[in-house]
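Content type mmCIF, C-alpha atoms, from the file coords.cif:
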```
data_structure
#
loop_
_atom_site.label_atom_id
_atom_site.label_comp_id
_atom_site.auth_asym_id
_atom_site.auth_seq_id
_atom_site.Cartn_x
_atom_site.Cartn_y
_atom_site.Cartn_z
CA MET A 281 2.36 -9.88 24.55
CA PHE A 282 4.62 -10.16 21.54
CA GLY A 283 8.26 -10.93 20.92
CA LYS A 284 10.93 -9.22 18.88
CA ALA A 285 13.59 -10.35 16.44
CA ASN A 286 16.32 -7.87 15.52
CA GLY A 287 14.11 -5.05 16.81
CA VAL A 288 11.08 -6.13 14.74
CA GLN A 289 7.77 -7.02 16.40
CA ILE A 290 6.86 -10.71 16.10
CA LYS A 291 3.19 -11.69 16.21
CA THR A 292 1.53 -14.91 17.33
CA PRO A 293 -1.01 -16.62 15.04
CA GLU A 294 -3.77 -15.21 17.25
CA GLN A 295 -2.42 -11.68 16.86
CA ILE A 296 -2.11 -12.16 13.11
CA ALA A 297 -5.79 -13.15 13.06
CA LEU A 298 -6.62 -9.86 14.80
CA MET A 299 -4.57 -8.01 12.19
CA ARG A 300 -6.56 -9.76 9.46
CA ALA A 301 -9.74 -8.45 11.10
CA ALA A 302 -8.33 -4.91 10.87
CA GLY A 303 -7.23 -5.64 7.31
CA ARG A 304 -10.74 -6.66 6.32
CA VAL A 305 -12.02 -3.27 7.50
CA VAL A 306 -9.46 -1.55 5.27
CA ALA A 307 -10.37 -3.85 2.38
CA ARG A 308 -14.07 -2.98 2.68
CA ALA A 309 -13.25 0.72 2.81
CA LEU A 310 -11.12 0.53 -0.34
CA ASP A 311 -13.74 -1.53 -2.19
CA THR A 312 -16.32 1.12 -1.26
CA LEU A 313 -14.06 3.94 -2.42
CA ARG A 314 -13.19 2.22 -5.70
CA ALA A 315 -16.91 2.01 -6.49
CA ALA A 316 -17.38 5.69 -5.56
CA VAL A 317 -14.59 7.11 -7.73
CA ARG A 318 -16.06 8.98 -10.68
CA PRO A 319 -15.84 12.41 -12.34
CA GLY A 320 -17.26 15.17 -10.15
CA VAL A 321 -16.50 13.53 -6.80
CA SER A 322 -14.21 15.42 -4.44
CA THR A 323 -11.47 13.70 -2.48
CA LEU A 324 -13.07 15.08 0.70
CA GLU A 325 -16.26 13.16 -0.13
CA LEU A 326 -14.19 9.99 -0.53
CA ASP A 327 -12.52 10.72 2.80
CA ALA A 328 -15.87 11.02 4.59
CA LEU A 329 -17.05 7.77 3.01
CA ALA A 330 -13.93 5.93 4.15
CA GLU A 331 -14.28 7.21 7.70
CA LYS A 332 -17.91 6.06 7.84
CA VAL A 333 -17.06 2.55 6.66
CA ILE A 334 -14.20 2.28 9.16
CA ARG A 335 -16.14 3.61 12.14
CA ASP A 336 -19.25 1.57 11.29
CA ALA A 337 -17.01 -1.50 11.61
CA GLY A 338 -16.01 -0.48 15.13
CA ALA A 339 -12.55 0.60 14.02
CA THR A 340 -10.74 3.93 13.96
CA PRO A 341 -9.03 5.59 10.97
CA SER A 342 -5.28 5.19 11.50
CA PHE A 343 -4.40 8.27 9.48
CA LYS A 344 -6.69 10.84 11.07
CA GLY A 345 -4.60 13.02 13.36
CA TYR A 346 -1.43 11.00 12.69
CA HIS A 347 1.32 13.59 13.18
CA GLY A 348 -1.41 16.14 12.43
CA PHE A 349 -2.67 14.65 9.17
CA PRO A 350 -6.28 15.86 8.72
CA GLY A 351 -7.79 13.02 6.68
CA SER A 352 -8.89 9.43 7.09
CA ILE A 353 -7.30 8.59 3.73
CA CYS A 354 -4.44 9.91 1.65
CA ALA A 355 -5.87 10.91 -1.74
CA SER A 356 -3.14 11.54 -4.31
CA VAL A 357 -4.23 12.60 -7.79
CA ASN A 358 -2.20 12.34 -11.01
CA GLU A 359 1.31 13.70 -10.29
CA GLU A 360 0.75 13.36 -6.53
CA VAL A 361 2.58 10.23 -5.41
CA VAL A 362 1.57 9.83 -1.77
CA HIS A 363 0.14 11.70 1.25
CA GLY A 364 -2.31 13.87 -0.69
CA ILE A 365 -4.65 15.73 1.67
CA PRO A 366 -8.37 15.25 0.90
CA GLY A 367 -10.10 18.51 -0.01
CA ALA A 368 -13.50 19.80 -1.13
CA ASP A 369 -11.80 21.69 -3.96
CA ARG A 370 -9.96 18.61 -5.24
CA VAL A 371 -12.64 17.35 -7.65
CA LEU A 372 -11.91 14.34 -9.83
CA ALA A 373 -12.15 14.70 -13.59
CA GLU A 374 -12.46 12.26 -16.48
CA GLY A 375 -9.07 10.68 -17.21
CA ASP A 376 -7.52 11.38 -13.80
CA ILE A 377 -5.96 8.65 -11.72
CA ILE A 378 -6.15 8.65 -7.93
CA SER A 379 -4.07 6.74 -5.40
CA ILE A 380 -6.01 6.04 -2.21
CA ASP A 381 -4.09 4.97 0.89
CA CYS A 382 -6.24 3.81 3.81
CA GLY A 383 -5.56 2.55 7.32
CA ALA A 384 -7.65 1.32 10.23
CA VAL A 385 -6.94 0.20 13.78
CA LEU A 386 -9.18 -2.43 15.37
CA GLU A 387 -8.65 -3.72 18.91
CA GLY A 388 -5.19 -2.17 18.89
CA TRP A 389 -4.01 -3.73 15.61
CA HIS A 390 -3.42 -1.88 12.35
CA GLY A 391 -4.20 -2.55 8.69
CA ASP A 392 -2.78 -0.43 5.86
CA SER A 393 -3.40 -0.74 2.13
CA ALA A 394 -3.46 1.39 -1.03
CA ILE A 395 -4.86 1.22 -4.55
CA THR A 396 -4.67 3.41 -7.64
CA VAL A 397 -7.92 3.89 -9.55
CA ALA A 398 -8.68 5.40 -12.94
CA VAL A 399 -11.42 8.03 -13.08
CA GLY A 400 -13.73 7.27 -15.99
CA GLU A 401 -11.93 6.49 -19.26
CA ALA A 402 -8.25 5.98 -18.49
CA ARG A 403 -5.24 6.73 -20.67
CA PRO A 404 -3.58 3.47 -21.84
CA GLU A 405 -0.17 4.62 -20.60
CA ASP A 406 -1.59 5.21 -17.13
CA LEU A 407 -3.26 1.80 -17.03
CA ARG A 408 -0.04 0.06 -18.06
CA MET A 409 1.98 1.86 -15.38
CA MET A 410 -0.67 0.99 -12.77
CA GLU A 411 -0.58 -2.68 -13.80
CA VAL A 412 3.20 -2.79 -13.49
CA CYS A 413 3.15 -1.07 -10.11
CA GLU A 414 0.54 -3.48 -8.74
CA GLU A 415 2.29 -6.56 -10.09
CA SER A 416 5.62 -5.38 -8.66
CA MET A 417 3.88 -5.31 -5.26
CA TRP A 418 2.84 -8.95 -5.69
CA ARG A 419 6.37 -9.89 -6.74
CA GLY A 420 7.66 -8.26 -3.56
CA ILE A 421 5.04 -10.01 -1.43
CA ALA A 422 6.13 -13.36 -2.89
CA GLU A 423 9.50 -12.89 -1.15
CA LEU A 424 7.93 -12.71 2.33
CA ARG A 425 9.02 -16.13 3.52
CA PRO A 426 11.11 -17.22 6.51
CA GLY A 427 14.81 -17.18 5.67
CA LYS A 428 14.52 -14.55 2.93
CA ARG A 429 16.05 -11.07 3.32
CA LEU A 430 14.73 -7.53 3.05
CA GLY A 431 16.92 -7.03 0.00
CA ASP A 432 15.06 -9.84 -1.77
CA ILE A 433 11.82 -7.85 -1.51
CA GLY A 434 13.30 -4.65 -2.91
CA HIS A 435 15.14 -6.50 -5.67
CA ALA A 436 11.98 -8.29 -6.81
CA ILE A 437 10.03 -5.03 -6.95
CA ASP A 438 12.73 -3.03 -8.71
CA HIS A 439 13.58 -5.80 -11.18
CA TYR A 440 9.95 -6.16 -12.26
CA ILE A 441 9.51 -2.40 -12.73
CA SER A 442 12.77 -2.14 -14.71
CA ALA A 443 11.95 -5.12 -16.91
CA ASN A 444 8.39 -4.00 -17.70
CA GLY A 445 8.57 -0.48 -19.02
CA GLY A 446 11.37 1.01 -16.97
CA TYR A 447 9.03 3.27 -15.03
CA GLY A 448 10.36 5.52 -12.29
CA ASN A 449 10.66 3.67 -8.97
CA VAL A 450 10.33 6.19 -6.14
CA ARG A 451 13.27 5.81 -3.74
CA GLU A 452 12.45 8.21 -0.91
CA TYR A 453 9.44 6.28 0.37
CA GLY A 454 8.76 2.60 0.91
CA GLY A 455 7.11 -0.04 2.99
CA HIS A 456 7.34 -0.66 6.72
CA GLY A 457 6.64 -2.94 9.61
CA ILE A 458 3.10 -2.87 10.96
CA GLY A 459 1.30 -4.22 14.03
CA THR A 460 0.42 -2.37 17.22
CA GLU A 461 1.56 0.77 15.38
CA MET A 462 1.00 1.77 11.78
CA HIS A 463 4.66 2.45 11.02
CA MET A 464 7.22 0.24 12.71
CA GLU A 465 10.64 -1.23 11.99
CA PRO A 466 11.86 -2.25 9.51
CA HIS A 467 11.80 0.23 6.64
CA VAL A 468 11.20 -1.76 3.45
CA LEU A 469 12.94 -0.33 0.40
CA ASN A 470 11.49 -0.85 -3.07
CA HIS A 471 14.98 -1.57 -4.41
CA GLY A 472 17.77 -3.72 -3.07
CA ARG A 473 20.20 -6.60 -3.51
CA ARG A 474 19.27 -10.24 -3.16
CA GLY A 475 20.52 -11.91 -0.02
CA LYS A 476 21.19 -8.62 1.76
CA GLY A 477 19.54 -6.98 4.74
CA LEU A 478 17.43 -8.16 7.65
CA LYS A 479 16.55 -11.85 7.73
CA LEU A 480 12.80 -12.47 7.59
CA VAL A 481 11.24 -14.70 10.23
CA GLU A 482 7.81 -16.15 10.90
CA GLY A 483 5.51 -13.67 12.66
CA MET A 484 6.86 -10.50 11.07
CA CYS A 485 4.22 -8.30 9.43
CA LEU A 486 5.24 -5.87 6.70
CA ALA A 487 3.46 -3.35 4.49
CA ILE A 488 4.74 -3.65 0.91
CA GLU A 489 4.10 -0.51 -1.15
CA PRO A 490 5.81 0.33 -4.44
CA MET A 491 5.31 3.71 -6.11
CA THR A 492 5.94 4.11 -9.83
CA THR A 493 6.04 7.14 -12.12
CA LEU A 494 5.67 7.71 -15.86
CA GLY A 495 8.84 9.78 -15.86
CA ARG A 496 11.78 10.12 -13.51
CA HIS A 497 11.63 8.78 -9.97
CA ASP A 498 12.53 12.13 -8.38
CA VAL A 499 9.93 13.61 -6.01
CA LEU A 500 9.42 16.63 -3.79
CA GLN A 501 7.15 17.56 -0.91
CA LEU A 502 4.75 20.48 -1.30
CA ASP A 503 4.48 23.38 1.13
CA ASP A 504 1.51 21.74 2.88
CA GLY A 505 4.09 19.51 4.54
CA TRP A 506 2.44 16.32 3.31
CA THR A 507 1.74 15.97 -0.39
CA VAL A 508 4.56 14.34 -2.35
CA VAL A 509 4.61 14.98 -6.11
CA THR A 510 6.79 13.94 -9.01
CA ARG A 511 9.42 16.56 -9.71
CA ASP A 512 8.78 16.40 -13.46
CA GLY A 513 4.98 16.57 -13.14
CA ARG A 514 4.40 13.12 -14.65
CA ARG A 515 1.77 10.82 -13.19
CA ALA A 516 2.34 8.23 -10.47
CA ALA A 517 0.77 5.05 -9.09
CA HIS A 518 0.85 3.46 -5.61
CA PHE A 519 -0.25 0.04 -4.39
CA GLU A 520 0.09 -1.48 -0.93
CA HIS A 521 -0.86 -4.54 1.12
CA SER A 522 -0.08 -5.47 4.71
CA VAL A 523 1.31 -9.01 4.85
CA ALA A 524 2.19 -11.53 7.56
CA ILE A 525 5.11 -13.93 7.17
CA THR A 526 4.01 -17.46 8.07
CA ALA A 527 5.71 -20.85 7.93
CA ASP A 528 3.57 -21.60 4.87
CA GLY A 529 4.28 -18.36 3.04
CA PRO A 530 2.81 -14.84 2.76
CA LEU A 531 -0.61 -14.11 4.28
CA VAL A 532 -2.11 -10.92 2.79
CA LEU A 533 -3.82 -9.27 5.75
CA THR A 534 -5.57 -6.54 3.74
CA ALA A 535 -6.69 -8.84 0.90
CA ARG A 536 -9.84 -7.82 -0.94
CA GLU A 537 -12.26 -10.21 -2.62
CA SER A 538 -10.81 -9.13 -5.98
CA ASP A 539 -7.43 -10.48 -4.86
CA ARG A 540 -8.72 -14.02 -4.27
CA ASP A 541 -7.69 -15.49 -7.65
CA LYS A 542 -4.30 -13.77 -7.57
CA ILE A 543 -3.53 -15.15 -4.10
CA SER A 544 -4.52 -18.64 -5.25
CA ARG A 545 -2.41 -18.47 -8.43
CA MET A 546 0.66 -17.30 -6.51
CA GLY A 547 0.30 -20.01 -3.92
CA PHE A 548 0.01 -17.67 -0.95
CA VAL A 549 -1.74 -18.59 2.29
CA GLN A 550 -5.48 -18.11 1.92
CA PRO A 551 -6.70 -15.40 4.32
CA ALA A 552 -9.97 -15.61 6.21
CA TRP A 553 -12.40 -14.11 3.74
#
```
Please express what this file holds, its structure, as structure tokens.
Amino acid sequence: MFGKANGVQIKTPEQIALMRAAGRVVARALDTLRAAVRPGVSTLELDALAEKVIRDAGATPSFKGYHGFPGSICASVNEEVVHGIPGADRVLAEGDIISIDCGAVLEGWHGDSAITVAVGEARPEDLRMMEVCEESMWRGIAELRPGKRLGDIGHAIDHYISANGGYGNVREYGGHGIGTEMHMEPHVLNHGRRGKGLKLVEGMCLAIEPMTTLGRHDVLQLDDGWTVVTRDGRRAAHFEHSVAITADGPLVLTARESDRDKISRMGFVQPAW
């Protein structure tokens, strides 16, 4: 069983440990996909690889069949921001960037995480935007402490993006609660005012996921009913981690081995590696 605070699911330490197990599956899948990204690979091939890693771990892809979504990952290339549908005809080329969003459910608990990866030799402007997007995620995660507010998360993300290149900060999509379902209350905006919004308490688990663009923040959804692209055709980046709020600070449930030093430097709770 689990409790609720202001309509948000509250997890016990034991349940958070189960969510970390699901998060490790997602982490392994994303590490595998990062290594597989190269020119000539289709996003459908990446999708099949992710599904194999997830199912081999005894888990199930969260995305597959979710409201009819056909893939095990969202694969969004260049101007595609989120929810890109994997396809055999979507072949990666040198200089592309791809955002890969991946989820898994294990023993009834969900993990959800995203990375943006350069394909081959990256453009410097793309790499800089990706760095800012990822760091804004970490700045948002740093606010996940008991007594803080939802607005503190959004403010930290938006302030970092604005102060480090002024990239577009997508408004229409954001983070969310996570636990026994992939998307739960609350919705977590990537902009906000300090001290405003829902009060954070120990046991809440949130997915923090900023999306940045090289141009304006305006987006639109394509006719496939899923893929979201920048309205001006400029490129976009997307990073995400699922995080538990503990008495000792943020616990990154989907942490990858490459995150170990970052988590140590920021003073976050060390996850079970």
Item to check | One-decimal distance in Å that lies between atom CA of A:Gly475 and atom CA of A:Ile395 | outcome: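 Separating atom CA of A:Ile395 from atom CA of A:Gly475 is a distance of 28.9 Å.
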Checklist entry - So which residues are close to (-10.4, 5.0, -3.1), meaning at most 12 Å away in the file's coordinates with only C-alpha atoms counted, and can you show them as a PyMOL selection string? => result chain A and resi 306-318+321-331+352-357+366+372+377-383+393-399+518-519
Checklist entry - Rounded to one decimal in Å, what is the spacing between atom CA of A:Ala436 and atom CA of A:Lys476? => result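 Here the two named atoms are 12.6 Å from each other.
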Item to check | Who sits within 10 Å of A:Asp504, only C-alpha atoms, same chain under 4 positions skipped, as a PyMOL selection string | outcome: chain A and resi 364-365+508
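Excluding stretch 457-470 of chain A and any residue on its chain fewer than 4 positions from it, the residues at most 6 Å away by only C-alpha atoms are Val288, Gly388, Trp389, His390, Gly434, Ile437, Cys485, Leu486 and Pro490 of chain A.
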Item to check | Selection dump of the PyMOL selection byres ((chain A and resi 445) around 12), as a PyMOL selection string | outcome: chain A and resi 405-406+408-413+416+438-444+446-449+492-495
Mind writing the picked residues with C-alpha atoms as a PDB file, keeping the file's coordinate frame?
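Result went into part.pdb, see below:
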```pdb
ATOM      1  CA  GLU A 405      -0.170   4.620 -20.600  1.00  0.00           C
ATOM      2  CA  ASP A 406      -1.590   5.210 -17.130  1.00  0.00           C
ATOM      3  CA  ARG A 408      -0.040   0.060 -18.060  1.00  0.00           C
ATOM      4  CA  MET A 409       1.980   1.860 -15.380  1.00  0.00           C
ATOM      5  CA  MET A 410      -0.670   0.990 -12.770  1.00  0.00           C
ATOM      6  CA  GLU A 411      -0.580  -2.680 -13.800  1.00  0.00           C
ATOM      7  CA  VAL A 412       3.200  -2.790 -13.490  1.00  0.00           C
ATOM      8  CA  CYS A 413       3.150  -1.070 -10.110  1.00  0.00           C
ATOM      9  CA  SER A 416       5.620  -5.380  -8.660  1.00  0.00           C
ATOM     10  CA  ASP A 438      12.730  -3.030  -8.710  1.00  0.00           C
ATOM     11  CA  HIS A 439      13.580  -5.800 -11.180  1.00  0.00           C
ATOM     12  CA  TYR A 440       9.950  -6.160 -12.260  1.00  0.00           C
ATOM     13  CA  ILE A 441       9.510  -2.400 -12.730  1.00  0.00           C
ATOM     14  CA  SER A 442      12.770  -2.140 -14.710  1.00  0.00           C
ATOM     15  CA  ALA A 443      11.950  -5.120 -16.910  1.00  0.00           C
ATOM     16  CA  ASN A 444       8.390  -4.000 -17.700  1.00  0.00           C
ATOM     17  CA  GLY A 446      11.370   1.010 -16.970  1.00  0.00           C
ATOM     18  CA  TYR A 447       9.030   3.270 -15.030  1.00  0.00           C
ATOM     19  CA  GLY A 448      10.360   5.520 -12.290  1.00  0.00           C
ATOM     20  CA  ASN A 449      10.660   3.670  -8.970  1.00  0.00           C
ATOM     21  CA  THR A 492       5.940   4.110  -9.830  1.00  0.00           C
ATOM     22  CA  THR A 493       6.040   7.140 -12.120  1.00  0.00           C
ATOM     23  CA  LEU A 494       5.670   7.710 -15.860  1.00  0.00           C
ATOM     24  CA  GLY A 495       8.840   9.780 -15.860  1.00  0.00           C
TER      25      GLY A 495
END
```
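In this structure, atom CA of A:Gln501 sits 9.4 Å away from atom CA of A:His363.
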